>>> print(open('input_22.cif').read())   # mmCIF, C-alpha atoms
data_query
loop_
_atom_site.label_atom_id
_atom_site.label_comp_id
_atom_site.auth_asym_id
_atom_site.auth_seq_id
_atom_site.Cartn_x
_atom_site.Cartn_y
_atom_site.Cartn_z
CA MET G 1026 -19.89 -18.91 -13.92
CA SER G 1027 -18.40 -20.60 -10.89
CA PHE G 1028 -14.85 -21.00 -9.68
CA GLY G 1029 -13.27 -23.43 -7.27
CA LYS G 1030 -9.60 -22.46 -7.08
CA VAL G 1031 -8.63 -18.89 -7.93
CA LEU G 1032 -5.24 -17.18 -7.99
CA PHE G 1033 -4.81 -13.40 -7.73
CA ILE G 1034 -1.38 -12.08 -8.70
CA GLN G 1035 -0.55 -8.80 -6.97
CA LEU G 1036 3.17 -8.21 -6.81
CA LYS G 1037 4.88 -4.87 -5.98
CA MET G 1038 4.47 -2.63 -2.93
CA LEU G 1039 2.43 -2.65 0.28
CA GLY G 1040 0.03 -0.04 -1.04
CA ASP G 1041 -0.76 -2.16 -4.10
CA ILE G 1042 -1.56 -5.14 -1.87
CA LEU G 1043 -3.81 -3.13 0.47
CA MET G 1044 -5.65 -1.71 -2.54
CA LEU G 1045 -6.53 -5.31 -3.45
CA SER G 1046 -8.59 -5.88 -0.28
CA PRO G 1047 -11.89 -4.40 -1.61
CA ALA G 1048 -11.59 -6.50 -4.78
CA LEU G 1049 -11.04 -9.63 -2.67
CA ASN G 1050 -14.16 -8.82 -0.69
CA ALA G 1051 -16.23 -8.12 -3.82
CA PHE G 1052 -15.08 -11.32 -5.57
CA LYS G 1053 -15.81 -13.44 -2.50
CA GLN G 1054 -19.30 -11.98 -2.22
CA ARG G 1055 -20.00 -12.84 -5.87
CA TYR G 1056 -18.34 -16.28 -5.72
CA PRO G 1057 -18.52 -17.40 -2.07
CA GLU G 1058 -17.45 -20.94 -2.96
CA ALA G 1059 -14.13 -19.80 -4.44
CA ALA G 1060 -10.87 -20.47 -2.59
CA ILE G 1061 -8.67 -17.48 -3.35
CA ASP G 1062 -4.90 -17.71 -3.21
CA VAL G 1063 -2.83 -14.53 -3.63
CA VAL G 1064 0.76 -14.13 -4.84
CA VAL G 1065 2.53 -11.18 -3.21
CA GLN G 1066 6.07 -10.01 -2.59
CA SER G 1067 7.49 -10.11 0.92
CA PRO G 1068 6.70 -8.56 3.39
CA GLY G 1069 3.24 -8.03 1.89
CA GLU G 1070 2.05 -11.42 3.07
CA GLU G 1071 1.48 -9.92 6.52
CA LEU G 1072 -1.27 -7.72 5.12
CA LEU G 1073 -3.28 -10.72 3.91
CA ARG G 1074 -2.40 -13.48 6.38
CA LEU G 1075 -5.51 -12.85 8.52
CA ASN G 1076 -7.82 -11.70 5.71
CA PRO G 1077 -10.89 -14.00 5.84
CA ASN G 1078 -11.31 -13.79 2.06
CA VAL G 1079 -7.87 -15.31 1.41
CA ASN G 1080 -7.34 -19.05 1.41
CA ARG G 1081 -3.54 -18.96 1.10
CA VAL G 1082 -0.84 -16.35 0.63
CA ILE G 1083 2.02 -17.35 -1.68
CA THR G 1084 5.10 -15.26 -1.03
CA PHE G 1085 7.20 -14.37 -4.04
CA ASN G 1086 10.87 -13.73 -3.37
CA GLN G 1087 12.36 -11.13 -5.71
CA GLY G 1088 15.50 -13.25 -6.07
CA ARG G 1089 13.51 -16.03 -7.70
CA TRP G 1090 13.19 -13.99 -10.87
CA TYR G 1091 16.94 -14.36 -11.40
CA ASN G 1092 17.24 -18.04 -10.44
CA PHE G 1093 16.09 -20.63 -12.98
CA ASN G 1094 15.63 -23.45 -10.45
CA ARG G 1095 13.53 -21.29 -8.14
CA GLN G 1096 11.51 -20.00 -11.09
CA PHE G 1097 10.79 -23.57 -12.20
CA LYS G 1098 9.68 -24.61 -8.71
CA PHE G 1099 7.51 -21.51 -8.32
CA ILE G 1100 5.73 -22.00 -11.65
CA ASN G 1101 5.37 -25.73 -11.03
CA GLN G 1102 3.75 -24.98 -7.67
CA ILE G 1103 1.18 -22.81 -9.43
CA ARG G 1104 0.54 -25.37 -12.19
CA GLN G 1105 0.07 -28.25 -9.76
CA THR G 1106 -2.65 -26.38 -7.89
CA LYS G 1107 -4.76 -26.45 -11.09
CA TYR G 1108 -6.46 -23.09 -10.70
CA ASP G 1109 -9.76 -22.50 -12.49
CA LEU G 1110 -8.97 -18.78 -12.82
CA VAL G 1111 -5.88 -16.61 -12.59
CA VAL G 1112 -6.25 -12.83 -12.34
CA ASP G 1113 -3.19 -10.67 -13.08
CA PHE G 1114 -3.65 -7.34 -11.31
CA LEU G 1115 -0.19 -6.13 -12.27
CA GLY G 1116 0.12 -6.67 -16.01
CA ASN G 1117 3.88 -6.57 -16.37
CA PRO G 1118 5.99 -9.17 -18.24
CA ARG G 1119 6.75 -11.13 -15.08
CA SER G 1120 3.14 -11.43 -13.90
CA GLY G 1121 1.99 -12.17 -17.46
CA HIS G 1122 4.59 -14.93 -17.64
CA TYR G 1123 3.20 -16.57 -14.48
CA THR G 1124 -0.40 -16.19 -15.65
CA PHE G 1125 0.28 -17.82 -19.02
CA LEU G 1126 2.24 -20.72 -17.53
CA SER G 1127 -0.31 -21.37 -14.78
CA GLY G 1128 -2.31 -23.67 -17.03
CA ALA G 1129 -5.56 -22.13 -15.81
CA PRO G 1130 -8.43 -22.38 -18.34
CA LYS G 1131 -9.44 -18.77 -17.58
CA ARG G 1132 -6.79 -16.03 -17.35
CA LEU G 1133 -7.79 -12.40 -16.86
CA GLY G 1134 -5.42 -9.56 -17.72
CA TYR G 1135 -5.33 -5.98 -18.97
CA GLU G 1136 -6.06 -5.45 -22.65
CA ASN G 1137 -3.12 -3.05 -22.97
CA ALA G 1138 -0.60 -5.30 -21.16
CA GLN G 1139 2.67 -5.99 -22.94
CA TYR G 1140 2.03 -9.74 -23.19
CA THR G 1141 -1.66 -9.90 -24.07
CA TYR G 1142 -1.26 -13.46 -25.39
CA ALA G 1143 -1.05 -14.55 -21.73
CA TYR G 1144 -4.76 -13.83 -21.22
CA ASN G 1145 -7.96 -15.22 -22.72
CA ILE G 1146 -10.16 -12.76 -20.80
CA LYS G 1147 -9.26 -9.09 -20.99
CA ASN G 1148 -10.49 -5.82 -19.58
CA LYS G 1149 -9.28 -2.25 -19.76
CA ARG G 1150 -7.28 -0.59 -17.01
CA ILE G 1151 -9.41 2.13 -15.38
CA HIS G 1152 -7.61 5.29 -14.29
CA GLY G 1153 -8.44 6.47 -10.80
CA TYR G 1154 -8.25 5.30 -7.21
CA SER G 1155 -6.50 1.95 -7.34
CA ALA G 1156 -8.98 0.08 -5.13
CA ILE G 1157 -11.87 1.12 -7.38
CA SER G 1158 -9.86 0.30 -10.49
CA LYS G 1159 -9.23 -3.26 -9.26
CA ILE G 1160 -12.93 -3.85 -8.63
CA GLU G 1161 -13.79 -2.47 -12.08
CA PHE G 1162 -11.19 -4.81 -13.58
CA LEU G 1163 -13.21 -7.75 -12.25
CA SER G 1164 -16.45 -6.53 -13.84
CA VAL G 1165 -15.95 -8.88 -16.82
CA LEU G 1166 -16.42 -11.68 -14.29
CA ASP G 1167 -19.71 -10.15 -13.13
CA VAL G 1168 -18.08 -8.77 -9.97
CA ARG G 1169 -19.34 -5.37 -8.87
CA SER G 1170 -19.20 -3.35 -5.69
CA LYS G 1171 -19.31 0.26 -4.55
CA ASP G 1172 -17.50 -0.56 -1.31
CA PHE G 1173 -13.84 0.32 -1.81
CA LYS G 1174 -12.83 0.70 1.85
CA LEU G 1175 -9.38 -0.74 2.49
CA GLU G 1176 -9.22 -3.60 4.98
CA ILE G 1177 -6.38 -4.67 7.24
CA TYR G 1178 -6.57 -7.34 9.93
CA LEU G 1179 -4.13 -6.97 12.81
CA ASP G 1180 -2.81 -9.80 14.95
CA ASP G 1181 -3.76 -8.87 18.52
CA ASN G 1182 -1.09 -11.24 19.85
CA ILE G 1183 1.56 -8.84 18.53
CA GLU G 1184 2.14 -5.71 20.57
CA PRO G 1185 3.70 -2.41 19.54
CA PRO G 1186 7.21 -1.67 20.82
CA SER G 1187 7.42 -1.09 24.59
CA GLU G 1188 8.76 2.46 24.16
CA PHE G 1189 5.61 3.33 22.23
CA MET G 1190 3.35 1.77 24.83
CA ARG G 1191 4.94 4.00 27.47
CA LEU G 1192 3.49 6.99 25.60
CA ALA G 1193 -0.09 5.90 26.29
CA GLY G 1194 -2.25 8.93 27.01
CA LYS G 1195 -0.31 11.28 24.75
CA LYS G 1196 -1.87 12.75 21.62
CA MET G 1197 0.45 11.25 19.00
CA VAL G 1198 1.09 11.93 15.33
CA ALA G 1199 2.83 9.32 13.16
CA ILE G 1200 5.55 10.78 10.94
CA SER G 1201 6.78 8.69 8.00
CA PRO G 1202 9.54 10.52 6.06
CA VAL G 1203 10.52 7.34 4.17
CA SER G 1204 10.15 5.89 0.69
CA LEU G 1205 12.03 3.32 -1.35
CA LEU G 1206 12.02 5.79 -4.25
CA GLU G 1207 14.09 8.94 -3.84
CA LYS G 1208 11.76 10.92 -6.10
CA LYS G 1209 9.00 10.35 -3.50
CA VAL G 1210 11.05 11.62 -0.54
CA TRP G 1211 10.31 15.10 0.77
CA PRO G 1212 13.50 16.30 2.52
CA THR G 1213 13.73 15.01 6.08
CA GLU G 1214 14.59 18.43 7.46
CA ASN G 1215 11.29 19.70 6.06
CA PHE G 1216 9.36 17.07 7.99
CA ALA G 1217 11.28 18.04 11.14
CA ALA G 1218 10.23 21.67 10.67
CA ILE G 1219 6.56 20.70 10.23
CA VAL G 1220 6.66 18.37 13.21
CA SER G 1221 8.05 21.10 15.46
CA ARG G 1222 5.11 23.33 14.57
CA LEU G 1223 2.59 20.51 15.06
CA SER G 1224 4.06 19.95 18.51
CA ASP G 1225 4.06 23.63 19.48
CA GLU G 1226 0.65 24.58 18.10
CA PHE G 1227 -1.42 21.42 18.52
CA GLY G 1228 0.37 19.52 21.28
CA LEU G 1229 0.90 16.50 19.05
CA PHE G 1230 3.72 14.21 20.14
CA PRO G 1231 5.65 12.93 17.09
CA VAL G 1232 6.42 9.26 16.54
CA VAL G 1233 8.88 9.02 13.64
CA ILE G 1234 8.68 5.57 12.03
CA ALA G 1235 10.99 3.67 9.73
CA GLY G 1236 11.23 0.05 8.65
CA PRO G 1237 13.80 -2.39 7.24
CA ASN G 1238 16.57 -0.69 5.23
CA GLU G 1239 15.28 2.74 6.34
CA HIS G 1240 17.53 3.48 9.33
CA ARG G 1241 19.10 6.40 7.50
CA PHE G 1242 15.84 8.33 7.67
CA LEU G 1243 15.86 8.12 11.47
CA ASP G 1244 19.52 9.16 11.51
CA ASP G 1245 18.78 12.13 9.23
CA TYR G 1246 15.77 13.18 11.27
CA SER G 1247 17.80 13.28 14.48
CA LYS G 1248 20.01 15.98 12.94
CA TYR G 1249 17.11 18.38 12.36
CA SER G 1250 14.61 17.69 15.15
CA LYS G 1251 13.71 20.70 17.29
CA CYS G 1252 11.31 19.03 19.72
CA ASP G 1253 10.94 15.82 21.70
CA TYR G 1254 9.96 12.82 19.62
CA LEU G 1255 10.09 9.03 19.59
CA PRO G 1256 12.24 7.46 16.85
CA LEU G 1257 10.76 4.05 16.11
CA TYR G 1258 12.30 1.34 13.96
CA ILE G 1259 9.66 -1.30 13.20
CA ASP G 1260 10.35 -4.51 11.29
CA SER G 1261 6.83 -5.98 11.48
CA ILE G 1262 3.76 -4.77 9.60
CA MET G 1263 1.55 -6.02 12.44
CA ALA G 1264 3.50 -3.98 14.99
CA LEU G 1265 3.39 -0.97 12.66
CA GLY G 1266 -0.38 -1.34 12.42
CA HIS G 1267 -0.75 -1.28 16.19
CA VAL G 1268 1.47 1.82 16.40
CA LEU G 1269 -0.57 3.65 13.78
CA ARG G 1270 -3.81 2.64 15.47
CA GLY G 1271 -2.56 4.38 18.61
CA CYS G 1272 -1.97 7.70 16.79
CA ARG G 1273 -4.37 10.52 15.94
CA LEU G 1274 -2.88 11.54 12.57
CA PHE G 1275 -0.46 10.35 9.89
CA VAL G 1276 1.88 12.72 8.05
CA GLY G 1277 4.33 11.45 5.47
CA ASN G 1278 5.37 10.60 1.96
CA ASP G 1279 3.39 8.43 -0.43
CA ASN G 1280 4.37 5.04 1.00
CA GLY G 1281 3.10 1.79 2.52
CA PRO G 1282 2.55 3.15 6.06
CA LYS G 1283 0.30 5.87 4.61
CA HIS G 1284 -2.03 3.23 3.11
CA ILE G 1285 -2.00 1.17 6.31
CA ALA G 1286 -2.95 4.31 8.24
CA ALA G 1287 -5.83 4.97 5.83
CA ALA G 1288 -7.04 1.37 6.17
CA LEU G 1289 -7.10 1.81 9.96
CA GLY G 1290 -9.24 4.93 9.66
CA LEU G 1291 -6.48 7.38 10.57
CA PRO G 1292 -6.61 10.86 8.97
CA THR G 1293 -3.69 11.22 6.57
CA TYR G 1294 -1.71 14.09 5.10
CA THR G 1295 0.59 13.15 2.21
CA VAL G 1296 3.28 15.04 0.34
CA TYR G 1297 3.36 14.01 -3.33
CA GLY G 1298 5.92 14.87 -5.97
CA HIS G 1299 5.40 15.38 -9.70
CA SER G 1300 5.90 11.66 -10.44
CA SER G 1301 2.98 10.40 -8.29
CA ASP G 1302 -0.73 10.61 -9.09
CA PRO G 1303 -2.84 11.29 -5.97
CA ASP G 1304 -5.99 10.33 -7.89
CA CYS G 1305 -4.70 6.74 -7.86
CA TRP G 1306 -3.40 6.60 -4.29
CA ASN G 1307 -5.37 9.04 -2.13
CA TYR G 1308 -8.78 8.05 -0.77
CA PRO G 1309 -11.20 9.98 -3.02
CA ASP G 1310 -13.53 12.76 -1.91
CA ASP G 1311 -12.78 12.32 1.78
CA PRO G 1312 -11.86 15.41 3.85
CA ARG G 1313 -9.93 13.16 6.27
CA HIS G 1314 -7.33 12.38 3.62
CA LYS G 1315 -5.57 15.49 2.37
CA TYR G 1316 -2.47 15.96 0.25
CA ILE G 1317 -0.27 18.51 -1.44
CA GLY G 1318 1.49 18.29 -4.81
CA GLY G 1319 1.14 15.43 -7.24
CA MET G 1320 1.11 14.73 -10.94
CA ASN G 1321 -1.01 17.07 -13.08
CA LYS G 1322 -2.16 19.07 -10.05
CA PRO G 1323 -2.03 22.90 -9.83
CA ASP G 1324 0.85 22.68 -7.33
CA CYS G 1325 2.68 19.94 -9.28
CA MET G 1326 6.47 20.16 -8.91
CA PRO G 1327 9.44 17.97 -7.95
CA ILE G 1328 8.90 16.95 -4.35
CA ALA G 1329 12.07 18.65 -3.08
CA ASN G 1330 10.77 22.00 -4.38
CA ILE G 1331 7.62 21.97 -2.23
CA ARG G 1332 8.21 24.61 0.44
CA VAL G 1333 7.81 24.09 4.17
CA ASP G 1334 5.64 27.20 4.63
CA THR G 1335 3.29 26.05 1.87
CA VAL G 1336 2.85 22.66 3.53
CA TRP G 1337 2.46 24.18 6.99
CA ASN G 1338 -0.31 26.56 5.92
CA ASP G 1339 -2.12 23.64 4.31
CA ILE G 1340 -1.64 21.14 7.13
CA LYS G 1341 -2.54 23.69 9.82
CA GLU G 1342 -5.92 24.24 8.19
CA PHE G 1343 -6.32 20.45 7.87
CA VAL G 1344 -5.55 19.72 11.53
CA ASP G 1345 -7.83 22.55 12.63
CA SER G 1346 -10.69 20.89 10.71
CA LEU G 1347 -10.07 17.51 12.37
CA ASN G 1348 -10.54 18.71 15.98
CA LEU G 1349 -7.93 16.27 17.21
#
>>> encode(input="input_22.cif", output="structure tokens")
Amino acid sequence: MSFGKVLFIQLKMLGDILMLSPALNAFKQRYPEAAIDVVVQSPGEELLRLNPNVNRVITFNQGRWYNFNRQFKFINQIRQTKYDLVVDFLGNPRSGHYTFLSGAPKRLGYENAQYTYAYNIKNKRIHGYSAISKIEFLSVLDVRSKDFKLEIYLDDNIEPPSEFMRLAGKKMVAISPVSLLEKKVWPTENFAAIVSRLSDEFGLFPVVIAGPNEHRFLDDYSKYSKCDYLPLYIDSIMALGHVLRGCRLFVGNDNGPKHIAAALGLPTYTVYGHSSDPDCWNYPDDPRHKYIGGMNKPDCMPIANIRVDTVWNDIKEFVDSLNL
């Protein structure tokens, strides 16, 4: 097999897009001549813009799904490129729709997807860490790799906010109490309580981060904070990456910043609720990436029911082991 033009479809959240990076690397190693375009939702294009394995990033605007003219132009753009292969890493009706209408002679999708007629090559969806699952999905194309390290490429021409740069020399911990899904949000006052103890016991200076449409989390945090901290609103993934790279530890909900932190090699501690599966989203068998809660785990429960003292006892042991 050989492929000239290839399209990967990976809509949804930042974490999903980052989890694609090992599969991009594995596919490019197997088919070095392939030019890989990737369809993502904004602002996910920032995660792939500098990736050397990506030829072009096509940004999908959520509003296009509800506008016939935009849908027509978007599909026509894909058809005119005349891809040799389209790979649908999502497998929902929307991504299946694009795959089928692409006109590509080879179209790979999940065998249990709702619209299986969209694909003429199929493979099963493997349960487990998402980055590994995506590589396994490509095995029907003779793509294999045991390297599932997430990759992110930062633009060094973009600097972190000036107020963060003034903290140079401090031992900082990134706190991310945000999520687009309420069922993934551990109460903000709980994070404030943990942060106060991290500051008192380990001398970690907290940097509380939030992005677009997340101002309320910073407002809520200010009501409960019991120690000095830096509230940081960041509207650029590149700037966020530079902030995280300047920290020693990430503590937060299951969200995009957590996966960016992991890709940058930062130790992470994540609070999961009963609706999230850590086996899919937490770096496997790595003592530098610890979590509490999660679907089908012994401490599984709604995220709001996870107690502060339980988290503190767990995170204290974790931070002790890191020798920050």
>>> resolve_selection(input="input_22.cif", expression="the PyMOL selection byres ((chain G and resi 1320) around 8)", output="compact mmCIF listing (two decimals) with C-alpha atoms, in the frame of the given file")
# COMPACT_ATOMS: atom_id res chain seq x y z
CA TYR G 1297 3.36 14.01 -3.33
CA GLY G 1298 5.92 14.87 -5.97
CA HIS G 1299 5.40 15.38 -9.70
CA SER G 1300 5.90 11.66 -10.44
CA SER G 1301 2.98 10.40 -8.29
CA ASP G 1302 -0.73 10.61 -9.09
CA PRO G 1303 -2.84 11.29 -5.97
CA GLY G 1318 1.49 18.29 -4.81
CA GLY G 1319 1.14 15.43 -7.24
CA ASN G 1321 -1.01 17.07 -13.08
CA LYS G 1322 -2.16 19.07 -10.05
CA CYS G 1325 2.68 19.94 -9.28
CA MET G 1326 6.47 20.16 -8.91
>>> closest_residue(input="input_22.cif", among="G:Pro1212, G:Gly1116, G:Pro1282, G:Gly1121", to="Gly1266 of chain G", atoms="all atoms listed in the file")
G:Pro1282
>>> resolve_selection(input="input_22.cif", expression="the PyMOL selection byres ((chain G and resi 1067) around 7)", output="list in words")
Val1065, Gln1066, Pro1068, Gly1069, Glu1070, Thr1084, Phe1085 and Asn1086 of chain G
>>> resolve_selection(input="input_22.cif", expression="the PyMOL selection byres ((chain G and resi 1202-1208) around 6)", output="ChimeraX atom specification")
/G:1201,1209-1210,1277-1278,1280
>>> residues_around(input="input_22.cif", residues="Ala1218 of chain G", least_positions_apart="5", cutoff="8 Å", atoms="only C-alpha atoms", output="count of residues only")
4
>>> residues_around(input="input_22.cif", residues="segment 1175-1188 of chain G", least_positions_apart="2", cutoff="10 Å", atoms="all atoms listed in the file", output="PyMOL selection string")
chain G and resi 1042-1050+1071-1077+1156+1172-1173+1190-1193+1255-1259+1261-1271+1284-1290+1308
>>> residues_near_point(input="input_22.cif", point="(-1.7, -21.4, -1.6)", cutoff="9 Å", atoms="only C-alpha atoms", output="list in words")
Leu1032, Ile1061, Asp1062, Val1063, Val1064, Asn1080, Arg1081, Val1082, Ile1083, Gln1102, Ile1103 and Thr1106 of chain G
>>> closest_residue(input="input_22.cif", among="G:Ile1219, G:Tyr1135, G:Asp1260, G:Tyr1154", to="Asp1339 of chain G", atoms="only C-alpha atoms")
G:Ile1219
>>> atom_distance(input="input_22.cif", atom1="atom CA of Lys1174 of chain G", atom2="atom CA of Ile1157 of chain G")
9.3 Å
>>> closest_residue(input="input_22.cif", among="G:Arg1055, G:Lys1147, G:Arg1169, G:Arg1104", to="Leu1126 of chain G", atoms="all atoms listed in the file")
G:Arg1104
>>> build_atoms(input="input_22.cif", residues="segment 1094-1104 of chain G", atoms="all heavy atoms", output="compact mmCIF listing (two decimals), in the coordinates of the input")
# COMPACT_ATOMS: atom_id res chain seq x y z
N ASN G 1094 16.19 -22.35 -11.24
CA ASN G 1094 15.63 -23.45 -10.45
C ASN G 1094 14.46 -22.99 -9.59
O ASN G 1094 13.43 -23.67 -9.49
CB ASN G 1094 16.72 -24.07 -9.58
CG ASN G 1094 17.72 -24.87 -10.38
OD1 ASN G 1094 17.38 -25.43 -11.43
ND2 ASN G 1094 18.96 -24.95 -9.89
N ARG G 1095 14.62 -21.82 -8.96
CA ARG G 1095 13.53 -21.29 -8.14
C ARG G 1095 12.33 -20.91 -9.00
O ARG G 1095 11.18 -21.09 -8.61
CB ARG G 1095 14.02 -20.09 -7.33
CG ARG G 1095 14.96 -20.47 -6.20
CD ARG G 1095 15.40 -19.24 -5.43
NE ARG G 1095 16.22 -19.59 -4.27
CZ ARG G 1095 16.76 -18.70 -3.46
NH1 ARG G 1095 16.56 -17.41 -3.66
NH2 ARG G 1095 17.49 -19.10 -2.45
N GLN G 1096 12.60 -20.35 -10.17
CA GLN G 1096 11.51 -20.00 -11.09
C GLN G 1096 10.72 -21.25 -11.47
O GLN G 1096 9.49 -21.25 -11.48
CB GLN G 1096 12.07 -19.35 -12.35
CG GLN G 1096 12.41 -17.89 -12.21
CD GLN G 1096 11.16 -17.05 -12.05
OE1 GLN G 1096 10.27 -17.06 -12.90
NE2 GLN G 1096 11.08 -16.33 -10.96
N PHE G 1097 11.44 -22.32 -11.79
CA PHE G 1097 10.79 -23.57 -12.20
C PHE G 1097 9.92 -24.10 -11.07
O PHE G 1097 8.77 -24.50 -11.30
CB PHE G 1097 11.86 -24.59 -12.59
CG PHE G 1097 11.29 -25.91 -13.03
CD1 PHE G 1097 10.83 -26.09 -14.32
CD2 PHE G 1097 11.20 -26.97 -12.12
CE1 PHE G 1097 10.29 -27.31 -14.72
CE2 PHE G 1097 10.66 -28.19 -12.52
CZ PHE G 1097 10.21 -28.36 -13.82
N LYS G 1098 10.44 -24.11 -9.85
CA LYS G 1098 9.68 -24.61 -8.71
C LYS G 1098 8.45 -23.75 -8.44
O LYS G 1098 7.37 -24.25 -8.11
CB LYS G 1098 10.57 -24.66 -7.46
CG LYS G 1098 11.65 -25.73 -7.53
CD LYS G 1098 12.51 -25.71 -6.27
CE LYS G 1098 13.61 -26.77 -6.34
NZ LYS G 1098 14.48 -26.74 -5.14
N PHE G 1099 8.62 -22.44 -8.57
CA PHE G 1099 7.51 -21.51 -8.32
C PHE G 1099 6.39 -21.72 -9.33
O PHE G 1099 5.21 -21.83 -8.97
CB PHE G 1099 8.04 -20.08 -8.39
CG PHE G 1099 7.01 -19.03 -8.06
CD1 PHE G 1099 6.56 -18.86 -6.77
CD2 PHE G 1099 6.50 -18.21 -9.06
CE1 PHE G 1099 5.61 -17.89 -6.46
CE2 PHE G 1099 5.55 -17.24 -8.76
CZ PHE G 1099 5.11 -17.09 -7.45
N ILE G 1100 6.74 -21.79 -10.60
CA ILE G 1100 5.73 -22.00 -11.65
C ILE G 1100 5.10 -23.38 -11.52
O ILE G 1100 3.88 -23.55 -11.69
CB ILE G 1100 6.37 -21.81 -13.04
CG1 ILE G 1100 6.78 -20.34 -13.23
CG2 ILE G 1100 5.41 -22.22 -14.15
CD1 ILE G 1100 7.67 -20.09 -14.42
N ASN G 1101 5.90 -24.38 -11.19
CA ASN G 1101 5.37 -25.73 -11.03
C ASN G 1101 4.39 -25.80 -9.87
O ASN G 1101 3.36 -26.50 -9.94
CB ASN G 1101 6.53 -26.71 -10.80
CG ASN G 1101 6.09 -28.16 -10.96
OD1 ASN G 1101 5.40 -28.50 -11.92
ND2 ASN G 1101 6.50 -29.01 -10.04
N GLN G 1102 4.67 -25.05 -8.80
CA GLN G 1102 3.75 -24.98 -7.67
C GLN G 1102 2.40 -24.44 -8.11
O GLN G 1102 1.34 -24.95 -7.72
CB GLN G 1102 4.34 -24.10 -6.58
CG GLN G 1102 3.42 -23.86 -5.39
CD GLN G 1102 3.97 -22.83 -4.41
OE1 GLN G 1102 5.06 -22.28 -4.61
NE2 GLN G 1102 3.24 -22.55 -3.35
N ILE G 1103 2.42 -23.40 -8.93
CA ILE G 1103 1.18 -22.81 -9.43
C ILE G 1103 0.44 -23.79 -10.34
O ILE G 1103 -0.77 -23.99 -10.23
CB ILE G 1103 1.48 -21.49 -10.17
CG1 ILE G 1103 1.97 -20.44 -9.18
CG2 ILE G 1103 0.23 -20.98 -10.89
CD1 ILE G 1103 2.42 -19.15 -9.83
N ARG G 1104 1.17 -24.44 -11.24
CA ARG G 1104 0.54 -25.37 -12.19
C ARG G 1104 -0.09 -26.56 -11.47
O ARG G 1104 -1.19 -27.01 -11.83
CB ARG G 1104 1.56 -25.87 -13.21
CG ARG G 1104 2.01 -24.82 -14.22
CD ARG G 1104 2.94 -25.42 -15.25
NE ARG G 1104 2.26 -26.39 -16.08
CZ ARG G 1104 1.56 -26.09 -17.19
NH1 ARG G 1104 1.46 -24.83 -17.58
NH2 ARG G 1104 0.99 -27.04 -17.89
